[in-house]
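As structure tokens, the structure follows; a few thoughts come after it.
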Amino acid sequence: MDEVVVGTWRFTEVAGVPLDDGPERAHPALTFSGDGQVYGTGGVNRLRGTWSSDPDAGTLAFGPVVTTLMAGTPEHMARERAVLDLLAHPVRAAVVDGALVLTDDEGRVSRLLPAPAEESV
């Protein structure tokens, strides 16, 4: 799983809620590095932490994640809270039709697509 997820991924759905095509900077995205670091944006704030995978269980887990402390619109802050909640617990992970699909312990699905090469977070 590690080699598959390394790179930058952009959320298209968070906890079962599809994201609109709003401003690029409002789209949550994650970059997984090969050395176990994860960084990106929840849509408003920058985030950074660690990640690991358990290939046998098909899960990803995130270490402590820290964020900046900027304010955004209520809609964007709610979306960011959903992203941070997702990262707070191990999730089932699979790549399906080119999308990274993360499923939380309540069965809510989040989908991420590879970000264009020129886009980094």
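Labels for the structure tokens follow display order: chains A, B, ..., residues from 1 in each chain, ligands from 1.
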
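Within 9 Å of Gly49 of chain A, once only C-alpha atoms are used and residues closer than 4 positions along the same chain are dropped, the contacting residues are Gly36, Gln37, Val38, Tyr39, Phe62, Gly63, Pro64, Val65, Val66 and Thr67 of chain A.
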
Members of chain A assigned alpha helix (DSSP H) by DSSP, as a ChimeraX atom specification = /A:2-5,74-87

For His27 of chain A, which residue out of A:Ser110, A:Thr59, A:Thr41, A:Ser53 is the nearest one, using only C-alpha atoms?
->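 Of A:Ser110, A:Thr59, A:Thr41, A:Ser53, the one nearest His27 of chain A is A:Thr41, counting only C-alpha atoms.
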
Spatial neighbours of segment 90-107 of chain A, max dist 12 Å, only C-alpha atoms, sep filter under 6 positions, as a short mmCIF file (atom, residue, chain, number, x, y, z; two decimals) with N, CA and C atoms, in the first residue's frame:
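Now in result-v1.cif:
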data_model
loop_
_atom_site.label_atom_id
_atom_site.label_comp_id
_atom_site.auth_asym_id
_atom_site.auth_seq_id
_atom_site.Cartn_x
_atom_site.Cartn_y
_atom_site.Cartn_z
N MET A 1 0.84 -1.20 0.00
CA MET A 1 0.00 0.00 0.00
C MET A 1 0.88 1.25 0.00
N ASP A 2 2.03 1.22 0.69
CA ASP A 2 2.85 2.42 0.80
C ASP A 2 3.19 3.03 -0.55
N GLU A 3 3.69 2.21 -1.49
CA GLU A 3 4.09 2.73 -2.78
C GLU A 3 2.91 3.30 -3.55
N VAL A 4 1.74 2.75 -3.32
CA VAL A 4 0.55 3.19 -4.05
C VAL A 4 0.10 4.57 -3.60
N VAL A 5 0.17 4.86 -2.32
CA VAL A 5 -0.38 6.12 -1.82
C VAL A 5 0.62 7.28 -1.84
N VAL A 6 1.91 7.00 -1.97
CA VAL A 6 2.89 8.09 -1.97
C VAL A 6 2.58 9.05 -3.11
N GLY A 7 2.48 10.32 -2.78
CA GLY A 7 2.15 11.35 -3.76
C GLY A 7 1.08 12.27 -3.20
N THR A 8 0.58 13.15 -4.05
CA THR A 8 -0.42 14.13 -3.63
C THR A 8 -1.79 13.71 -4.13
N TRP A 9 -2.75 13.74 -3.22
CA TRP A 9 -4.13 13.34 -3.50
C TRP A 9 -5.07 14.47 -3.10
N ARG A 10 -6.09 14.69 -3.91
CA ARG A 10 -7.06 15.75 -3.67
C ARG A 10 -8.42 15.13 -3.36
N PHE A 11 -9.04 15.53 -2.26
CA PHE A 11 -10.34 14.99 -1.87
C PHE A 11 -11.41 15.40 -2.89
N THR A 12 -12.25 14.44 -3.26
CA THR A 12 -13.44 14.73 -4.05
C THR A 12 -14.70 14.45 -3.25
N GLU A 13 -14.53 13.75 -2.14
CA GLU A 13 -15.64 13.40 -1.24
C GLU A 13 -15.06 13.22 0.15
N VAL A 14 -15.73 13.77 1.16
CA VAL A 14 -15.28 13.64 2.54
C VAL A 14 -16.44 13.11 3.38
N ALA A 15 -16.24 11.95 4.00
CA ALA A 15 -17.25 11.34 4.87
C ALA A 15 -18.60 11.25 4.17
N GLY A 16 -18.57 10.84 2.90
CA GLY A 16 -19.81 10.64 2.15
C GLY A 16 -20.39 11.88 1.52
N ALA A 29 -6.50 18.44 0.56
CA ALA A 29 -5.57 17.58 -0.17
C ALA A 29 -4.50 17.08 0.79
N LEU A 30 -3.97 15.90 0.49
CA LEU A 30 -2.92 15.30 1.31
C LEU A 30 -1.77 14.87 0.42
N PHE A 32 1.37 12.29 0.74
CA PHE A 32 1.99 11.21 1.50
C PHE A 32 3.43 11.08 1.00
N TRP A 51 2.10 9.14 8.87
CA TRP A 51 1.17 8.11 8.42
C TRP A 51 1.91 6.78 8.36
N SER A 52 1.13 5.71 8.46
CA SER A 52 1.67 4.36 8.29
C SER A 52 0.56 3.49 7.73
N SER A 53 0.97 2.38 7.14
CA SER A 53 -0.03 1.46 6.59
C SER A 53 0.18 0.08 7.18
N ASP A 54 -0.90 -0.67 7.20
CA ASP A 54 -0.88 -2.08 7.57
C ASP A 54 -1.44 -2.83 6.37
N PRO A 55 -0.56 -3.30 5.46
CA PRO A 55 -1.03 -3.95 4.24
C PRO A 55 -1.91 -5.17 4.50
N ASP A 56 -1.61 -5.92 5.56
CA ASP A 56 -2.41 -7.11 5.86
C ASP A 56 -3.84 -6.74 6.23
N ALA A 57 -3.99 -5.65 6.96
CA ALA A 57 -5.33 -5.21 7.38
C ALA A 57 -5.96 -4.28 6.36
N GLY A 58 -5.15 -3.76 5.41
CA GLY A 58 -5.67 -2.81 4.43
C GLY A 58 -6.06 -1.49 5.05
N THR A 59 -5.23 -1.03 6.02
CA THR A 59 -5.57 0.21 6.72
C THR A 59 -4.43 1.23 6.63
N LEU A 60 -4.82 2.48 6.81
CA LEU A 60 -3.89 3.58 7.00
C LEU A 60 -4.15 4.17 8.37
N ALA A 61 -3.09 4.57 9.05
CA ALA A 61 -3.23 5.24 10.34
C ALA A 61 -2.39 6.50 10.30
N PHE A 62 -2.83 7.49 11.02
CA PHE A 62 -2.15 8.78 11.04
C PHE A 62 -1.71 9.07 12.47
N GLY A 63 -0.48 9.58 12.60
CA GLY A 63 0.02 9.97 13.91
C GLY A 63 -0.58 11.31 14.28
N PRO A 64 -0.07 11.93 15.30
CA PRO A 64 -0.61 13.24 15.64
C PRO A 64 -0.53 14.17 14.43
N ALA A 82 -14.28 17.57 9.16
CA ALA A 82 -14.53 16.21 8.69
C ALA A 82 -13.22 15.54 8.25
N VAL A 83 -12.34 16.29 7.59
CA VAL A 83 -11.05 15.75 7.18
C VAL A 83 -10.22 15.40 8.40
N LEU A 84 -10.14 16.30 9.37
CA LEU A 84 -9.35 16.03 10.57
C LEU A 84 -9.92 14.88 11.39
N LEU A 113 -8.50 11.78 -5.45
CA LEU A 113 -7.92 11.53 -6.76
C LEU A 113 -6.51 12.07 -6.80
N PRO A 114 -5.64 11.46 -7.61
CA PRO A 114 -4.29 12.01 -7.72
C PRO A 114 -4.37 13.47 -8.18
N ALA A 115 -3.59 14.31 -7.54
CA ALA A 115 -3.55 15.72 -7.92
C ALA A 115 -2.73 15.86 -9.20
#

Hey, can you check how far atom CA of Gly40 of chain A sits from atom CA of His89 of chain A?
->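 If I compute the distance from atom CA of Gly40 of chain A to atom CA of His89 of chain A, I get 17.4 Å.
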
Could you pull out the residues in chain A that DSSP calls strand (DSSP E or B) from the backbone, as JSON, numbers by chain?
-> {"A": [7, 8, 9, 10, 11, 12, 13, 14, 17, 18, 29, 30, 31, 32, 37, 38, 39, 40, 41, 46, 47, 48, 49, 50, 51, 52, 53, 54, 59, 60, 61, 62, 66, 67, 91, 92, 93, 94, 95, 96, 99, 100, 101, 102, 103, 109, 110, 111, 112, 113, 114]}

Could you please take those selected residues and save N, CA and C atoms as a short mmCIF file (atom, residue, chain, number, x, y, z; two decimals), in the first residue's frame?
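Just written: result29.cif:
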data_model
loop_
_atom_site.label_atom_id
_atom_site.label_comp_id
_atom_site.auth_asym_id
_atom_site.auth_seq_id
_atom_site.Cartn_x
_atom_site.Cartn_y
_atom_site.Cartn_z
N GLY A 7 2.48 10.32 -2.78
CA GLY A 7 2.15 11.35 -3.76
C GLY A 7 1.08 12.27 -3.20
N THR A 8 0.58 13.15 -4.05
CA THR A 8 -0.42 14.13 -3.63
C THR A 8 -1.79 13.71 -4.13
N TRP A 9 -2.75 13.74 -3.22
CA TRP A 9 -4.13 13.34 -3.50
C TRP A 9 -5.07 14.47 -3.10
N ARG A 10 -6.09 14.69 -3.91
CA ARG A 10 -7.06 15.75 -3.67
C ARG A 10 -8.42 15.13 -3.36
N PHE A 11 -9.04 15.53 -2.26
CA PHE A 11 -10.34 14.99 -1.87
C PHE A 11 -11.41 15.40 -2.89
N THR A 12 -12.25 14.44 -3.26
CA THR A 12 -13.44 14.73 -4.05
C THR A 12 -14.70 14.45 -3.25
N GLU A 13 -14.53 13.75 -2.14
CA GLU A 13 -15.64 13.40 -1.24
C GLU A 13 -15.06 13.22 0.15
N VAL A 14 -15.73 13.77 1.16
CA VAL A 14 -15.28 13.64 2.54
C VAL A 14 -16.44 13.11 3.38
N VAL A 17 -19.75 13.03 1.70
CA VAL A 17 -20.27 14.29 1.14
C VAL A 17 -19.38 14.71 -0.03
N PRO A 18 -19.94 14.73 -1.26
CA PRO A 18 -19.14 15.17 -2.41
C PRO A 18 -18.76 16.64 -2.26
N ALA A 29 -6.50 18.44 0.56
CA ALA A 29 -5.57 17.58 -0.17
C ALA A 29 -4.50 17.08 0.79
N LEU A 30 -3.97 15.90 0.49
CA LEU A 30 -2.92 15.30 1.31
C LEU A 30 -1.77 14.87 0.42
N THR A 31 -0.56 15.08 0.91
CA THR A 31 0.63 14.54 0.26
C THR A 31 1.25 13.52 1.21
N PHE A 32 1.37 12.29 0.74
CA PHE A 32 1.99 11.21 1.50
C PHE A 32 3.43 11.08 1.00
N GLN A 37 5.77 10.78 6.33
CA GLN A 37 5.22 12.10 6.64
C GLN A 37 3.99 12.35 5.78
N VAL A 38 3.03 13.05 6.33
CA VAL A 38 1.86 13.49 5.56
C VAL A 38 1.71 14.98 5.80
N TYR A 39 1.40 15.70 4.74
CA TYR A 39 1.14 17.13 4.88
C TYR A 39 0.12 17.53 3.84
N GLY A 40 -0.47 18.67 4.03
CA GLY A 40 -1.47 19.13 3.09
C GLY A 40 -2.31 20.23 3.65
N THR A 41 -3.58 20.21 3.27
CA THR A 41 -4.53 21.22 3.72
C THR A 41 -5.88 20.57 3.98
N ARG A 46 -3.27 24.58 6.90
CA ARG A 46 -2.24 23.62 6.52
C ARG A 46 -2.17 22.57 7.63
N LEU A 47 -1.81 21.34 7.25
CA LEU A 47 -1.67 20.28 8.24
C LEU A 47 -0.40 19.50 7.99
N ARG A 48 0.05 18.83 9.04
CA ARG A 48 1.26 18.02 8.96
C ARG A 48 1.18 16.94 10.03
N GLY A 49 1.68 15.76 9.69
CA GLY A 49 1.69 14.66 10.65
C GLY A 49 2.45 13.48 10.09
N THR A 50 2.14 12.31 10.60
CA THR A 50 2.77 11.08 10.12
C THR A 50 1.69 10.11 9.68
N TRP A 51 2.10 9.14 8.87
CA TRP A 51 1.17 8.11 8.42
C TRP A 51 1.91 6.78 8.36
N SER A 52 1.13 5.71 8.46
CA SER A 52 1.67 4.36 8.29
C SER A 52 0.56 3.49 7.73
N SER A 53 0.97 2.38 7.14
CA SER A 53 -0.03 1.46 6.59
C SER A 53 0.18 0.08 7.18
N ASP A 54 -0.90 -0.67 7.20
CA ASP A 54 -0.88 -2.08 7.57
C ASP A 54 -1.44 -2.83 6.37
N THR A 59 -5.23 -1.03 6.02
CA THR A 59 -5.57 0.21 6.72
C THR A 59 -4.43 1.23 6.63
N LEU A 60 -4.82 2.48 6.81
CA LEU A 60 -3.89 3.58 7.00
C LEU A 60 -4.15 4.17 8.37
N ALA A 61 -3.09 4.57 9.05
CA ALA A 61 -3.23 5.24 10.34
C ALA A 61 -2.39 6.50 10.30
N PHE A 62 -2.83 7.49 11.02
CA PHE A 62 -2.15 8.78 11.04
C PHE A 62 -1.71 9.07 12.47
N VAL A 66 -0.97 18.12 13.24
CA VAL A 66 -1.04 19.50 13.70
C VAL A 66 -1.47 20.38 12.54
N THR A 67 -2.14 21.48 12.87
CA THR A 67 -2.61 22.40 11.84
C THR A 67 -2.29 23.83 12.22
N VAL A 91 -8.16 4.06 9.18
CA VAL A 91 -9.20 3.92 8.16
C VAL A 91 -8.86 2.76 7.24
N ARG A 92 -9.89 2.12 6.71
CA ARG A 92 -9.67 1.13 5.66
C ARG A 92 -9.30 1.89 4.40
N ALA A 93 -8.35 1.36 3.65
CA ALA A 93 -7.86 2.07 2.47
C ALA A 93 -7.74 1.11 1.29
N ALA A 94 -8.15 1.59 0.13
CA ALA A 94 -8.01 0.82 -1.11
C ALA A 94 -7.96 1.79 -2.27
N VAL A 95 -7.27 1.39 -3.32
CA VAL A 95 -7.29 2.18 -4.55
C VAL A 95 -8.27 1.49 -5.48
N VAL A 96 -9.32 2.24 -5.87
CA VAL A 96 -10.39 1.71 -6.72
C VAL A 96 -10.54 2.64 -7.91
N ALA A 99 -8.82 5.94 -7.71
CA ALA A 99 -9.13 6.80 -6.55
C ALA A 99 -8.68 6.11 -5.27
N LEU A 100 -8.14 6.88 -4.36
CA LEU A 100 -7.84 6.39 -3.02
C LEU A 100 -9.12 6.49 -2.21
N VAL A 101 -9.64 5.35 -1.77
CA VAL A 101 -10.90 5.30 -1.05
C VAL A 101 -10.60 4.98 0.41
N LEU A 102 -10.98 5.89 1.29
CA LEU A 102 -10.77 5.74 2.73
C LEU A 102 -12.12 5.58 3.39
N THR A 103 -12.28 4.53 4.18
CA THR A 103 -13.56 4.26 4.84
C THR A 103 -13.33 4.26 6.34
N VAL A 109 -17.43 7.03 3.54
CA VAL A 109 -16.40 6.95 2.51
C VAL A 109 -15.88 8.34 2.16
N SER A 110 -14.57 8.42 2.05
CA SER A 110 -13.90 9.61 1.52
C SER A 110 -13.10 9.17 0.31
N ARG A 111 -13.15 9.97 -0.76
CA ARG A 111 -12.44 9.64 -1.99
C ARG A 111 -11.45 10.75 -2.33
N LEU A 112 -10.29 10.31 -2.79
CA LEU A 112 -9.25 11.25 -3.21
C LEU A 112 -8.75 10.82 -4.58
N LEU A 113 -8.50 11.78 -5.45
CA LEU A 113 -7.92 11.53 -6.76
C LEU A 113 -6.51 12.07 -6.80
N PRO A 114 -5.64 11.46 -7.61
CA PRO A 114 -4.29 12.01 -7.72
C PRO A 114 -4.37 13.47 -8.18
#
